[in-house]
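Student: What follows is the file final_29.pdb, containing PDB, N, CA and C atoms:
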ATOM      1  N   MET H   1       0.836  -1.188   0.000
ATOM      2  CA  MET H   1       0.000   0.000   0.000
ATOM      3  C   MET H   1       0.876   1.244   0.000
ATOM      4  N   THR H   2       0.617   2.162  -0.904
ATOM      5  CA  THR H   2       1.376   3.396  -1.001
ATOM      6  C   THR H   2       0.680   4.492  -0.217
ATOM      7  N   THR H   3       1.449   5.209   0.576
ATOM      8  CA  THR H   3       0.902   6.326   1.328
ATOM      9  C   THR H   3       1.287   7.607   0.605
ATOM     10  N   LEU H   4       0.299   8.412   0.292
ATOM     11  CA  LEU H   4       0.573   9.692  -0.354
ATOM     12  C   LEU H   4       1.063  10.691   0.676
ATOM     13  N   PRO H   5       1.885  11.622   0.283
ATOM     14  CA  PRO H   5       2.318  12.647   1.231
ATOM     15  C   PRO H   5       1.145  13.541   1.637
ATOM     16  N   LEU H   6       1.301  14.166   2.781
ATOM     17  CA  LEU H   6       0.335  15.138   3.276
ATOM     18  C   LEU H   6       0.730  16.495   2.683
ATOM     19  N   THR H   7      -0.110  17.027   1.810
ATOM     20  CA  THR H   7       0.188  18.269   1.103
ATOM     21  C   THR H   7      -0.813  19.334   1.514
ATOM     22  N   SER H   8      -0.308  20.537   1.745
ATOM     23  CA  SER H   8      -1.186  21.629   2.152
ATOM     24  C   SER H   8      -0.627  22.962   1.687
ATOM     25  N   ILE H   9      -1.488  23.948   1.767
ATOM     26  CA  ILE H   9      -1.093  25.332   1.547
ATOM     27  C   ILE H   9      -1.521  26.112   2.776
ATOM     28  N   ALA H  10      -0.573  26.796   3.375
ATOM     29  CA  ALA H  10      -0.877  27.655   4.510
ATOM     30  C   ALA H  10      -1.036  29.076   3.975
ATOM     31  N   VAL H  11      -2.133  29.729   4.353
ATOM     32  CA  VAL H  11      -2.412  31.099   3.928
ATOM     33  C   VAL H  11      -2.173  31.999   5.134
ATOM     34  N   LEU H  12      -1.295  32.983   4.958
ATOM     35  CA  LEU H  12      -0.913  33.878   6.053
ATOM     36  C   LEU H  12      -1.011  35.319   5.566
ATOM     37  N   LYS H  13      -1.795  36.111   6.255
ATOM     38  CA  LYS H  13      -2.000  37.501   5.854
ATOM     39  C   LYS H  13      -1.420  38.430   6.923
ATOM     40  N   ALA H  14      -0.576  39.339   6.476
ATOM     41  CA  ALA H  14       0.099  40.257   7.391
ATOM     42  C   ALA H  14      -0.840  41.344   7.897
ATOM     43  N   LYS H  15      -0.641  41.716   9.147
ATOM     44  CA  LYS H  15      -1.316  42.898   9.680
ATOM     45  C   LYS H  15      -0.776  44.116   8.937
ATOM     46  N   PRO H  16      -1.553  45.184   8.861
ATOM     47  CA  PRO H  16      -1.038  46.403   8.240
ATOM     48  C   PRO H  16       0.291  46.811   8.887
ATOM     49  N   GLY H  17       1.252  47.114   8.055
ATOM     50  CA  GLY H  17       2.568  47.533   8.532
ATOM     51  C   GLY H  17       3.488  46.392   8.933
ATOM     52  N   GLN H  18       3.037  45.137   8.805
ATOM     53  CA  GLN H  18       3.842  43.995   9.235
ATOM     54  C   GLN H  18       4.306  43.098   8.084
ATOM     55  N   ARG H  19       4.090  43.547   6.852
ATOM     56  CA  ARG H  19       4.451  42.718   5.695
ATOM     57  C   ARG H  19       5.909  42.278   5.738
ATOM     58  N   ASP H  20       6.819  43.209   5.914
ATOM     59  CA  ASP H  20       8.245  42.866   5.886
ATOM     60  C   ASP H  20       8.620  41.954   7.048
ATOM     61  N   ALA H  21       8.062  42.224   8.216
ATOM     62  CA  ALA H  21       8.363  41.387   9.382
ATOM     63  C   ALA H  21       7.822  39.974   9.196
ATOM     64  N   LEU H  22       6.620  39.842   8.638
ATOM     65  CA  LEU H  22       6.066  38.512   8.392
ATOM     66  C   LEU H  22       6.885  37.788   7.326
ATOM     67  N   ARG H  23       7.230  38.479   6.286
ATOM     68  CA  ARG H  23       8.048  37.869   5.222
ATOM     69  C   ARG H  23       9.367  37.350   5.787
ATOM     70  N   GLU H  24      10.002  38.136   6.623
ATOM     71  CA  GLU H  24      11.269  37.742   7.239
ATOM     72  C   GLU H  24      11.073  36.522   8.150
ATOM     73  N   ALA H  25      10.016  36.538   8.954
ATOM     74  CA  ALA H  25       9.750  35.423   9.865
ATOM     75  C   ALA H  25       9.460  34.137   9.100
ATOM     76  N   LEU H  26       8.694  34.241   8.024
ATOM     77  CA  LEU H  26       8.383  33.054   7.212
ATOM     78  C   LEU H  26       9.616  32.542   6.485
ATOM     79  N   THR H  27      10.397  33.438   5.945
ATOM     80  CA  THR H  27      11.622  33.051   5.241
ATOM     81  C   THR H  27      12.568  32.305   6.179
ATOM     82  N   ALA H  28      12.611  32.732   7.445
ATOM     83  CA  ALA H  28      13.482  32.082   8.422
ATOM     84  C   ALA H  28      13.057  30.643   8.719
ATOM     85  N   LEU H  29      11.815  30.294   8.445
ATOM     86  CA  LEU H  29      11.337  28.928   8.670
ATOM     87  C   LEU H  29      11.746  27.961   7.550
ATOM     88  N   VAL H  30      12.027  28.490   6.379
ATOM     89  CA  VAL H  30      12.190  27.644   5.199
ATOM     90  C   VAL H  30      13.352  26.654   5.333
ATOM     91  N   GLU H  31      14.542  27.117   5.562
ATOM     92  CA  GLU H  31      15.708  26.218   5.567
ATOM     93  C   GLU H  31      15.646  25.172   6.673
ATOM     94  N   PRO H  32      15.337  25.541   7.934
ATOM     95  CA  PRO H  32      15.282  24.479   8.944
ATOM     96  C   PRO H  32      14.163  23.468   8.670
ATOM     97  N   THR H  33      13.058  23.929   8.111
ATOM     98  CA  THR H  33      11.969  23.004   7.800
ATOM     99  C   THR H  33      12.376  22.056   6.690
ATOM    100  N   ARG H  34      13.065  22.552   5.690
ATOM    101  CA  ARG H  34      13.509  21.689   4.591
ATOM    102  C   ARG H  34      14.484  20.612   5.070
ATOM    103  N   ARG H  35      15.154  20.854   6.185
ATOM    104  CA  ARG H  35      16.085  19.866   6.740
ATOM    105  C   ARG H  35      15.383  18.819   7.597
ATOM    106  N   GLU H  36      14.109  19.005   7.908
ATOM    107  CA  GLU H  36      13.376  18.026   8.711
ATOM    108  C   GLU H  36      13.278  16.709   7.939
ATOM    109  N   ALA H  37      13.440  15.608   8.637
ATOM    110  CA  ALA H  37      13.429  14.292   7.997
ATOM    111  C   ALA H  37      12.118  14.026   7.258
ATOM    112  N   GLY H  38      10.997  14.505   7.763
ATOM    113  CA  GLY H  38       9.707  14.222   7.152
ATOM    114  C   GLY H  38       9.220  15.248   6.164
ATOM    115  N   ASN H  39      10.037  16.251   5.867
ATOM    116  CA  ASN H  39       9.611  17.298   4.935
ATOM    117  C   ASN H  39       9.942  16.938   3.501
ATOM    118  N   LEU H  40       8.979  17.165   2.615
ATOM    119  CA  LEU H  40       9.170  16.936   1.180
ATOM    120  C   LEU H  40       9.194  18.238   0.388
ATOM    121  N   ASP H  41       8.500  19.253   0.887
ATOM    122  CA  ASP H  41       8.420  20.540   0.181
ATOM    123  C   ASP H  41       8.012  21.607   1.173
ATOM    124  N   TYR H  42       8.628  22.764   1.064
ATOM    125  CA  TYR H  42       8.283  23.908   1.910
ATOM    126  C   TYR H  42       8.702  25.144   1.128
ATOM    127  N   THR H  43       7.765  25.726   0.387
ATOM    128  CA  THR H  43       8.076  26.818  -0.522
ATOM    129  C   THR H  43       7.159  27.998  -0.249
ATOM    130  N   LEU H  44       7.747  29.163  -0.078
ATOM    131  CA  LEU H  44       7.015  30.380   0.262
ATOM    132  C   LEU H  44       6.721  31.206  -0.984
ATOM    133  N   PHE H  45       5.480  31.686  -1.075
ATOM    134  CA  PHE H  45       5.038  32.561  -2.152
ATOM    135  C   PHE H  45       4.344  33.780  -1.547
ATOM    136  N   GLU H  46       4.365  34.892  -2.297
ATOM    137  CA  GLU H  46       3.579  36.067  -1.937
ATOM    138  C   GLU H  46       2.645  36.368  -3.105
ATOM    139  N   LEU H  47       1.397  36.632  -2.802
ATOM    140  CA  LEU H  47       0.402  36.914  -3.827
ATOM    141  C   LEU H  47       0.794  38.192  -4.564
ATOM    142  N   THR H  48       0.945  38.098  -5.861
ATOM    143  CA  THR H  48       1.396  39.218  -6.678
ATOM    144  C   THR H  48       0.496  40.434  -6.543
ATOM    145  N   ASP H  49      -0.801  40.212  -6.587
ATOM    146  CA  ASP H  49      -1.762  41.316  -6.561
ATOM    147  C   ASP H  49      -2.155  41.764  -5.160
ATOM    148  N   GLU H  50      -1.588  41.112  -4.143
ATOM    149  CA  GLU H  50      -1.950  41.448  -2.767
ATOM    150  C   GLU H  50      -0.729  41.305  -1.859
ATOM    151  N   PRO H  51       0.192  42.260  -1.917
ATOM    152  CA  PRO H  51       1.377  42.188  -1.071
ATOM    153  C   PRO H  51       0.975  42.036   0.402
ATOM    154  N   GLY H  52       1.694  41.167   1.086
ATOM    155  CA  GLY H  52       1.387  40.890   2.482
ATOM    156  C   GLY H  52       0.542  39.643   2.668
ATOM    157  N   SER H  53       0.109  39.033   1.552
ATOM    158  CA  SER H  53      -0.598  37.752   1.599
ATOM    159  C   SER H  53       0.376  36.678   1.135
ATOM    160  N   PHE H  54       0.704  35.783   2.051
ATOM    161  CA  PHE H  54       1.710  34.758   1.790
ATOM    162  C   PHE H  54       1.063  33.380   1.751
ATOM    163  N   TYR H  55       1.654  32.530   0.922
ATOM    164  CA  TYR H  55       1.205  31.156   0.775
ATOM    165  C   TYR H  55       2.416  30.251   0.922
ATOM    166  N   MET H  56       2.342  29.313   1.854
ATOM    167  CA  MET H  56       3.420  28.355   2.046
ATOM    168  C   MET H  56       2.927  27.011   1.535
ATOM    169  N   ARG H  57       3.537  26.530   0.464
ATOM    170  CA  ARG H  57       3.214  25.199  -0.049
ATOM    171  C   ARG H  57       4.047  24.201   0.749
ATOM    172  N   GLU H  58       3.349  23.235   1.355
ATOM    173  CA  GLU H  58       4.000  22.310   2.268
ATOM    174  C   GLU H  58       3.670  20.871   1.890
ATOM    175  N   ALA H  59       4.636  19.990   2.046
ATOM    176  CA  ALA H  59       4.377  18.562   1.904
ATOM    177  C   ALA H  59       5.243  17.829   2.918
ATOM    178  N   PHE H  60       4.592  16.917   3.621
ATOM    179  CA  PHE H  60       5.261  16.101   4.630
ATOM    180  C   PHE H  60       4.925  14.643   4.358
ATOM    181  N   VAL H  61       5.770  13.738   4.809
ATOM    182  CA  VAL H  61       5.555  12.324   4.550
ATOM    183  C   VAL H  61       4.327  11.781   5.281
ATOM    184  N   SER H  62       3.903  12.469   6.343
ATOM    185  CA  SER H  62       2.765  11.996   7.135
ATOM    186  C   SER H  62       2.249  13.112   8.033
ATOM    187  N   ARG H  63       1.104  12.871   8.646
ATOM    188  CA  ARG H  63       0.564  13.828   9.624
ATOM    189  C   ARG H  63       1.513  13.944  10.811
ATOM    190  N   ALA H  64       2.124  12.831  11.194
ATOM    191  CA  ALA H  64       3.082  12.857  12.303
ATOM    192  C   ALA H  64       4.261  13.779  11.984
ATOM    193  N   ALA H  65       4.725  13.762  10.752
ATOM    194  CA  ALA H  65       5.834  14.639  10.355
ATOM    195  C   ALA H  65       5.403  16.105  10.409
ATOM    196  N   LEU H  66       4.166  16.396  10.003
ATOM    197  CA  LEU H  66       3.654  17.766  10.124
ATOM    198  C   LEU H  66       3.573  18.168  11.585
ATOM    199  N   ASP H  67       3.085  17.267  12.436
ATOM    200  CA  ASP H  67       2.999  17.565  13.871
ATOM    201  C   ASP H  67       4.374  17.837  14.471
ATOM    202  N   GLU H  68       5.382  17.077  14.030
ATOM    203  CA  GLU H  68       6.753  17.317  14.494
ATOM    204  C   GLU H  68       7.228  18.704  14.062
ATOM    205  N   HIS H  69       6.893  19.084  12.845
ATOM    206  CA  HIS H  69       7.246  20.421  12.348
ATOM    207  C   HIS H  69       6.614  21.498  13.225
ATOM    208  N   LEU H  70       5.331  21.330  13.521
ATOM    209  CA  LEU H  70       4.622  22.328  14.328
ATOM    210  C   LEU H  70       5.158  22.415  15.751
ATOM    211  N   ALA H  71       5.816  21.359  16.223
ATOM    212  CA  ALA H  71       6.393  21.338  17.565
ATOM    213  C   ALA H  71       7.856  21.774  17.596
ATOM    214  N   ALA H  72       8.456  21.991  16.420
ATOM    215  CA  ALA H  72       9.877  22.381  16.352
ATOM    216  C   ALA H  72      10.075  23.736  17.021
ATOM    217  N   PRO H  73      11.208  23.925  17.678
ATOM    218  CA  PRO H  73      11.452  25.184  18.389
ATOM    219  C   PRO H  73      11.329  26.429  17.509
ATOM    220  N   TYR H  74      11.815  26.372  16.277
ATOM    221  CA  TYR H  74      11.736  27.539  15.405
ATOM    222  C   TYR H  74      10.298  27.838  14.992
ATOM    223  N   PHE H  75       9.457  26.798  14.826
ATOM    224  CA  PHE H  75       8.057  27.081  14.516
ATOM    225  C   PHE H  75       7.350  27.612  15.753
ATOM    226  N   ARG H  76       7.654  27.076  16.930
ATOM    227  CA  ARG H  76       7.042  27.564  18.177
ATOM    228  C   ARG H  76       7.395  29.033  18.411
ATOM    229  N   ALA H  77       8.622  29.416  18.099
ATOM    230  CA  ALA H  77       9.024  30.823  18.244
ATOM    231  C   ALA H  77       8.211  31.703  17.297
ATOM    232  N   PHE H  78       7.989  31.225  16.072
ATOM    233  CA  PHE H  78       7.155  31.967  15.118
ATOM    234  C   PHE H  78       5.719  32.054  15.631
ATOM    235  N   GLU H  79       5.212  30.974  16.164
ATOM    236  CA  GLU H  79       3.839  30.921  16.673
ATOM    237  C   GLU H  79       3.591  31.981  17.755
ATOM    238  N   LYS H  80       4.595  32.258  18.558
ATOM    239  CA  LYS H  80       4.477  33.275  19.611
ATOM    240  C   LYS H  80       4.287  34.673  19.030
ATOM    241  N   ARG H  81       4.575  34.853  17.740
ATOM    242  CA  ARG H  81       4.458  36.166  17.099
ATOM    243  C   ARG H  81       3.174  36.321  16.289
ATOM    244  N   PHE H  82       2.298  35.318  16.304
ATOM    245  CA  PHE H  82       1.068  35.370  15.509
ATOM    246  C   PHE H  82       0.282  36.656  15.754
ATOM    247  N   ASP H  83       0.048  36.998  17.014
ATOM    248  CA  ASP H  83      -0.752  38.193  17.326
ATOM    249  C   ASP H  83      -0.110  39.468  16.789
ATOM    250  N   GLU H  84       1.197  39.507  16.807
ATOM    251  CA  GLU H  84       1.944  40.668  16.327
ATOM    252  C   GLU H  84       1.899  40.785  14.799
ATOM    253  N   LEU H  85       1.991  39.666  14.097
ATOM    254  CA  LEU H  85       2.206  39.677  12.654
ATOM    255  C   LEU H  85       0.974  39.417  11.792
ATOM    256  N   LEU H  86       0.051  38.599  12.282
ATOM    257  CA  LEU H  86      -1.031  38.114  11.429
ATOM    258  C   LEU H  86      -2.341  38.879  11.604
ATOM    259  N   ALA H  87      -2.947  39.227  10.474
ATOM    260  CA  ALA H  87      -4.230  39.931  10.480
ATOM    261  C   ALA H  87      -5.382  38.989  10.792
ATOM    262  N   GLU H  88      -5.171  37.687  10.562
ATOM    263  CA  GLU H  88      -6.201  36.671  10.810
ATOM    264  C   GLU H  88      -5.489  35.353  11.073
ATOM    265  N   PRO H  89      -6.182  34.382  11.651
ATOM    266  CA  PRO H  89      -5.533  33.096  11.905
ATOM    267  C   PRO H  89      -5.046  32.443  10.608
ATOM    268  N   ILE H  90      -3.996  31.657  10.727
ATOM    269  CA  ILE H  90      -3.490  30.904   9.581
ATOM    270  C   ILE H  90      -4.591  29.984   9.081
ATOM    271  N   LYS H  91      -4.732  29.942   7.776
ATOM    272  CA  LYS H  91      -5.670  29.004   7.151
ATOM    273  C   LYS H  91      -4.832  27.908   6.518
ATOM    274  N   LEU H  92      -5.069  26.670   6.938
ATOM    275  CA  LEU H  92      -4.328  25.540   6.396
ATOM    276  C   LEU H  92      -5.273  24.733   5.516
ATOM    277  N   ILE H  93      -4.954  24.688   4.229
ATOM    278  CA  ILE H  93      -5.787  24.021   3.229
ATOM    279  C   ILE H  93      -5.084  22.724   2.826
ATOM    280  N   PHE H  94      -5.731  21.587   3.113
ATOM    281  CA  PHE H  94      -5.154  20.293   2.745
ATOM    282  C   PHE H  94      -5.605  19.910   1.341
ATOM    283  N   LEU H  95      -4.691  19.310   0.584
ATOM    284  CA  LEU H  95      -4.923  18.982  -0.820
ATOM    285  C   LEU H  95      -4.738  17.499  -1.092
ATOM    286  N   ASP H  96      -5.547  16.965  -1.988
ATOM    287  CA  ASP H  96      -5.356  15.616  -2.501
ATOM    288  C   ASP H  96      -4.871  15.728  -3.930
ATOM    289  N   LYS H  97      -3.778  15.064  -4.265
ATOM    290  CA  LYS H  97      -3.248  15.098  -5.621
ATOM    291  C   LYS H  97      -4.201  14.360  -6.564
ATOM    292  N   VAL H  98      -4.506  14.990  -7.658
ATOM    293  CA  VAL H  98      -5.417  14.415  -8.655
ATOM    294  C   VAL H  98      -4.637  13.860  -9.834
ATOM    295  N   ALA H  99      -3.700  14.623 -10.355
ATOM    296  CA  ALA H  99      -2.935  14.173 -11.526
ATOM    297  C   ALA H  99      -1.517  14.699 -11.455
TER     298      ALA H  99
END
Just give me the structure as structure tokens.

Tutor:
Amino acid sequence: MTTLPLTSIAVLKAKPGQRDALREALTALVEPTRREAGNLDYTLFELTDEPGSFYMREAFVSRAALDEHLAAPYFRAFEKRFDELLAEPIKLIFLDKVA
């Protein structure tokens, strides 16, 4: 039986005046997350027509690997800044690969 990776897109919207700080905080997550044993993809995008709206494309080998990521010290440090940086809660959209 083949297990498909857990793929998602995290939507993060900056509070007014916090675009650069959010971008910096998200960028700092990329390299350590890519080094996680269960990570397959972790790529940051910013919406062209809406600066300050970020999308993180994520793929992990399993839900357990995602949970480990969320418990990592660098992600926990970022989580402590949610109220400061985010205009709304993170929206995590899970995807099933079709083709």

Student: Just give me the gap between CA of Lys13 in chain H and CA of Arg76 in chain H in Å, one decimal is fine.

Tutor: 18.2 Å

Student: Residues at most 9 Å from range 41-52 of chain H, counting only C-alpha atoms, excluding those fewer than 3 positions away in the same chain, as an MDAnalysis selection string?

Tutor: chainID H and resid 7 12:16 18:20 22:23 26:27 29:31 33:34 55:60

Student: Could you take the residues named above and write them with N, CA and C atoms, as a CSV table (one decimal), in the coordinates of the input?

Tutor:
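Final output, selection-v6.csv:
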chain,number,residue,atom,x,y,z
H,7,THR,N,-0.1,17.0,1.8
H,7,THR,CA,0.2,18.3,1.1
H,7,THR,C,-0.8,19.3,1.5
H,12,LEU,N,-1.3,33.0,5.0
H,12,LEU,CA,-0.9,33.9,6.1
H,12,LEU,C,-1.0,35.3,5.6
H,13,LYS,N,-1.8,36.1,6.3
H,13,LYS,CA,-2.0,37.5,5.9
H,13,LYS,C,-1.4,38.4,6.9
H,14,ALA,N,-0.6,39.3,6.5
H,14,ALA,CA,0.1,40.3,7.4
H,14,ALA,C,-0.8,41.3,7.9
H,15,LYS,N,-0.6,41.7,9.1
H,15,LYS,CA,-1.3,42.9,9.7
H,15,LYS,C,-0.8,44.1,8.9
H,16,PRO,N,-1.6,45.2,8.9
H,16,PRO,CA,-1.0,46.4,8.2
H,16,PRO,C,0.3,46.8,8.9
H,18,GLN,N,3.0,45.1,8.8
H,18,GLN,CA,3.8,44.0,9.2
H,18,GLN,C,4.3,43.1,8.1
H,19,ARG,N,4.1,43.5,6.9
H,19,ARG,CA,4.5,42.7,5.7
H,19,ARG,C,5.9,42.3,5.7
H,20,ASP,N,6.8,43.2,5.9
H,20,ASP,CA,8.2,42.9,5.9
H,20,ASP,C,8.6,42.0,7.0
H,22,LEU,N,6.6,39.8,8.6
H,22,LEU,CA,6.1,38.5,8.4
H,22,LEU,C,6.9,37.8,7.3
H,23,ARG,N,7.2,38.5,6.3
H,23,ARG,CA,8.0,37.9,5.2
H,23,ARG,C,9.4,37.4,5.8
H,26,LEU,N,8.7,34.2,8.0
H,26,LEU,CA,8.4,33.1,7.2
H,26,LEU,C,9.6,32.5,6.5
H,27,THR,N,10.4,33.4,5.9
H,27,THR,CA,11.6,33.1,5.2
H,27,THR,C,12.6,32.3,6.2
H,29,LEU,N,11.8,30.3,8.4
H,29,LEU,CA,11.3,28.9,8.7
H,29,LEU,C,11.7,28.0,7.6
H,30,VAL,N,12.0,28.5,6.4
H,30,VAL,CA,12.2,27.6,5.2
H,30,VAL,C,13.4,26.7,5.3
H,31,GLU,N,14.5,27.1,5.6
H,31,GLU,CA,15.7,26.2,5.6
H,31,GLU,C,15.6,25.2,6.7
H,33,THR,N,13.1,23.9,8.1
H,33,THR,CA,12.0,23.0,7.8
H,33,THR,C,12.4,22.1,6.7
H,34,ARG,N,13.1,22.6,5.7
H,34,ARG,CA,13.5,21.7,4.6
H,34,ARG,C,14.5,20.6,5.1
H,55,TYR,N,1.7,32.5,0.9
H,55,TYR,CA,1.2,31.2,0.8
H,55,TYR,C,2.4,30.3,0.9
H,56,MET,N,2.3,29.3,1.9
H,56,MET,CA,3.4,28.4,2.0
H,56,MET,C,2.9,27.0,1.5
H,57,ARG,N,3.5,26.5,0.5
H,57,ARG,CA,3.2,25.2,0.0
H,57,ARG,C,4.0,24.2,0.7
H,58,GLU,N,3.3,23.2,1.4
H,58,GLU,CA,4.0,22.3,2.3
H,58,GLU,C,3.7,20.9,1.9
H,59,ALA,N,4.6,20.0,2.0
H,59,ALA,CA,4.4,18.6,1.9
H,59,ALA,C,5.2,17.8,2.9
H,60,PHE,N,4.6,16.9,3.6
H,60,PHE,CA,5.3,16.1,4.6
H,60,PHE,C,4.9,14.6,4.4

Student: One decimal, in Å: what's the spacing between atom N of Leu86 in chain H and CA of Pro5 in chain H?

Tutor: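 Spanning atom N of Leu86 in chain H to CA of Pro5 in chain H is a straight-line distance of 28.3 Å.
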
Student: Run DSSP on the backbone and grab whatever in chain H lands in alpha helix (DSSP H); send it over as a VMD selection string.

Tutor: chain H and resid 19 to 34 63 to 71 73 to 79 82 to 85

Student: What residues come out when you apply the PyMOL selection byres (((chain H and resi 97 and name CA) around 9) and name CA) to this file, written as an NGL selection string?

Tutor: :H and (4 or 7 or 95-96 or 98-99)

Student: Create the file for the chosen residues now, containing N, CA and C atoms and written as a PDB file, in the frame of the given file.

Tutor:
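The resulting file, part10.pdb, is reproduced below:
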ATOM      1  N   LEU H   4       0.299   8.412   0.292  1.00  0.00           N
ATOM      2  CA  LEU H   4       0.573   9.692  -0.354  1.00  0.00           C
ATOM      3  C   LEU H   4       1.063  10.691   0.676  1.00  0.00           C
ATOM      4  N   THR H   7      -0.110  17.027   1.810  1.00  0.00           N
ATOM      5  CA  THR H   7       0.188  18.269   1.103  1.00  0.00           C
ATOM      6  C   THR H   7      -0.813  19.334   1.514  1.00  0.00           C
ATOM      7  N   LEU H  95      -4.691  19.310   0.584  1.00  0.00           N
ATOM      8  CA  LEU H  95      -4.923  18.982  -0.820  1.00  0.00           C
ATOM      9  C   LEU H  95      -4.738  17.499  -1.092  1.00  0.00           C
ATOM     10  N   ASP H  96      -5.547  16.965  -1.988  1.00  0.00           N
ATOM     11  CA  ASP H  96      -5.356  15.616  -2.501  1.00  0.00           C
ATOM     12  C   ASP H  96      -4.871  15.728  -3.930  1.00  0.00           C
ATOM     13  N   VAL H  98      -4.506  14.990  -7.658  1.00  0.00           N
ATOM     14  CA  VAL H  98      -5.417  14.415  -8.655  1.00  0.00           C
ATOM     15  C   VAL H  98      -4.637  13.860  -9.834  1.00  0.00           C
ATOM     16  N   ALA H  99      -3.700  14.623 -10.355  1.00  0.00           N
ATOM     17  CA  ALA H  99      -2.935  14.173 -11.526  1.00  0.00           C
ATOM     18  C   ALA H  99      -1.517  14.699 -11.455  1.00  0.00           C
TER      19      ALA H  99
END

Student: So which residues touch Leu92 in chain H within 7 Å, counting only C-alpha atoms, skipping near sequence neighbours fewer than 4 positions away, as a list in words?

Tutor: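 Once the nearby chain positions are removed, what remains is Ser8, Ile9, Ala10 and Val11 of chain H.
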
Student: With 6 Å on each side, where is the centre of the axis-aligned box around all listed atoms of range 63-82 of chain H, and how long are its edges in Å to one decimal, as lines of an AutoDock Vina configuration file?

Tutor:
center_x = 6.0
center_y = 24.7
center_z = 14.1
size_x = 23.5
size_y = 35.8
size_z = 23.0

Student: Please measure the separation of atom N of Glu79 in chain H and CA of Ala28 in chain H, giving the value in Å to one decimal.

Tutor: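 Computing it gives 11.4 Å between the two atoms.
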
Student: Enumerate as a list in words all residues of range 17-91 of chain H assigned to strand (DSSP E or B) by DSSP on the backbone, naming them with the chain letters and numbers the document uses.

Tutor: Asn39, Leu40, Asp41, Tyr42, Thr43, Leu44, Phe45, Glu46, Ser53, Phe54, Tyr55, Met56, Arg57, Glu58, Ala59, Phe60, Leu86 and Lys91 of chain H

Student: I need the residue nearest Arg35 in chain H from this list: H:Ala77, H:Pro89, H:Phe82, H:His69. Use only C-alpha atoms for the distance.

Tutor: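 Smallest distance to Arg35 in chain H is found for H:His69.
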
Student: Considering only N, CA and C atoms, can you say which of H:Glu84, H:Pro73, H:Val61, H:Ile90 comes closest to Leu40 in chain H?

Tutor: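 Residue with the minimum atom-to-atom distance to Leu40 in chain H: H:Val61.
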
Student: Of the residues H:Ala37, H:Ala25, H:Ala87, H:Ile93, which is the one nearest to Ala65 in chain H, using only N, CA and C atoms?

Tutor: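 Comparing H:Ala37, H:Ala25, H:Ala87, H:Ile93 against Ala65 in chain H, the winner is H:Ala37.
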
Student: In terms of the shortest atom-to-atom distance over only C-alpha atoms, which of H:Phe54, H:Glu36, H:Phe94, H:Glu88 is closest to Ala72 in chain H?

Tutor: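 Closest to Ala72 in chain H of all the choices is H:Glu36.
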
Student: Complete range 79-89 of chain H at the level of N, CA, C and O atoms, written as a PDB file, in the frame of the given file.

Tutor:
ATOM      1  N   GLU H  79       5.212  30.974  16.164  1.00  0.00           N
ATOM      2  CA  GLU H  79       3.839  30.921  16.673  1.00  0.00           C
ATOM      3  C   GLU H  79       3.591  31.981  17.755  1.00  0.00           C
ATOM      4  O   GLU H  79       2.517  32.567  17.830  1.00  0.00           O
ATOM      5  N   LYS H  80       4.595  32.258  18.558  1.00  0.00           N
ATOM      6  CA  LYS H  80       4.477  33.275  19.611  1.00  0.00           C
ATOM      7  C   LYS H  80       4.287  34.673  19.030  1.00  0.00           C
ATOM      8  O   LYS H  80       3.861  35.589  19.739  1.00  0.00           O
ATOM      9  N   ARG H  81       4.575  34.853  17.740  1.00  0.00           N
ATOM     10  CA  ARG H  81       4.458  36.166  17.099  1.00  0.00           C
ATOM     11  C   ARG H  81       3.174  36.321  16.289  1.00  0.00           C
ATOM     12  O   ARG H  81       2.971  37.334  15.634  1.00  0.00           O
ATOM     13  N   PHE H  82       2.298  35.318  16.304  1.00  0.00           N
ATOM     14  CA  PHE H  82       1.068  35.370  15.509  1.00  0.00           C
ATOM     15  C   PHE H  82       0.282  36.656  15.754  1.00  0.00           C
ATOM     16  O   PHE H  82      -0.137  37.317  14.808  1.00  0.00           O
ATOM     17  N   ASP H  83       0.048  36.998  17.014  1.00  0.00           N
ATOM     18  CA  ASP H  83      -0.752  38.193  17.326  1.00  0.00           C
ATOM     19  C   ASP H  83      -0.110  39.468  16.789  1.00  0.00           C
ATOM     20  O   ASP H  83      -0.800  40.385  16.362  1.00  0.00           O
ATOM     21  N   GLU H  84       1.197  39.507  16.807  1.00  0.00           N
ATOM     22  CA  GLU H  84       1.944  40.668  16.327  1.00  0.00           C
ATOM     23  C   GLU H  84       1.899  40.785  14.799  1.00  0.00           C
ATOM     24  O   GLU H  84       1.770  41.894  14.265  1.00  0.00           O
ATOM     25  N   LEU H  85       1.991  39.666  14.097  1.00  0.00           N
ATOM     26  CA  LEU H  85       2.206  39.677  12.654  1.00  0.00           C
ATOM     27  C   LEU H  85       0.974  39.417  11.792  1.00  0.00           C
ATOM     28  O   LEU H  85       0.889  39.934  10.678  1.00  0.00           O
ATOM     29  N   LEU H  86       0.051  38.599  12.282  1.00  0.00           N
ATOM     30  CA  LEU H  86      -1.031  38.114  11.429  1.00  0.00           C
ATOM     31  C   LEU H  86      -2.341  38.879  11.604  1.00  0.00           C
ATOM     32  O   LEU H  86      -2.794  39.100  12.725  1.00  0.00           O
ATOM     33  N   ALA H  87      -2.947  39.227  10.474  1.00  0.00           N
ATOM     34  CA  ALA H  87      -4.230  39.931  10.480  1.00  0.00           C
ATOM     35  C   ALA H  87      -5.382  38.989  10.792  1.00  0.00           C
ATOM     36  O   ALA H  87      -6.455  39.421  11.211  1.00  0.00           O
ATOM     37  N   GLU H  88      -5.171  37.687  10.562  1.00  0.00           N
ATOM     38  CA  GLU H  88      -6.201  36.671  10.810  1.00  0.00           C
ATOM     39  C   GLU H  88      -5.489  35.353  11.073  1.00  0.00           C
ATOM     40  O   GLU H  88      -4.304  35.210  10.751  1.00  0.00           O
ATOM     41  N   PRO H  89      -6.182  34.382  11.651  1.00  0.00           N
ATOM     42  CA  PRO H  89      -5.533  33.096  11.905  1.00  0.00           C
ATOM     43  C   PRO H  89      -5.046  32.443  10.608  1.00  0.00           C
ATOM     44  O   PRO H  89      -5.621  32.651   9.538  1.00  0.00           O
TER      45      PRO H  89
END
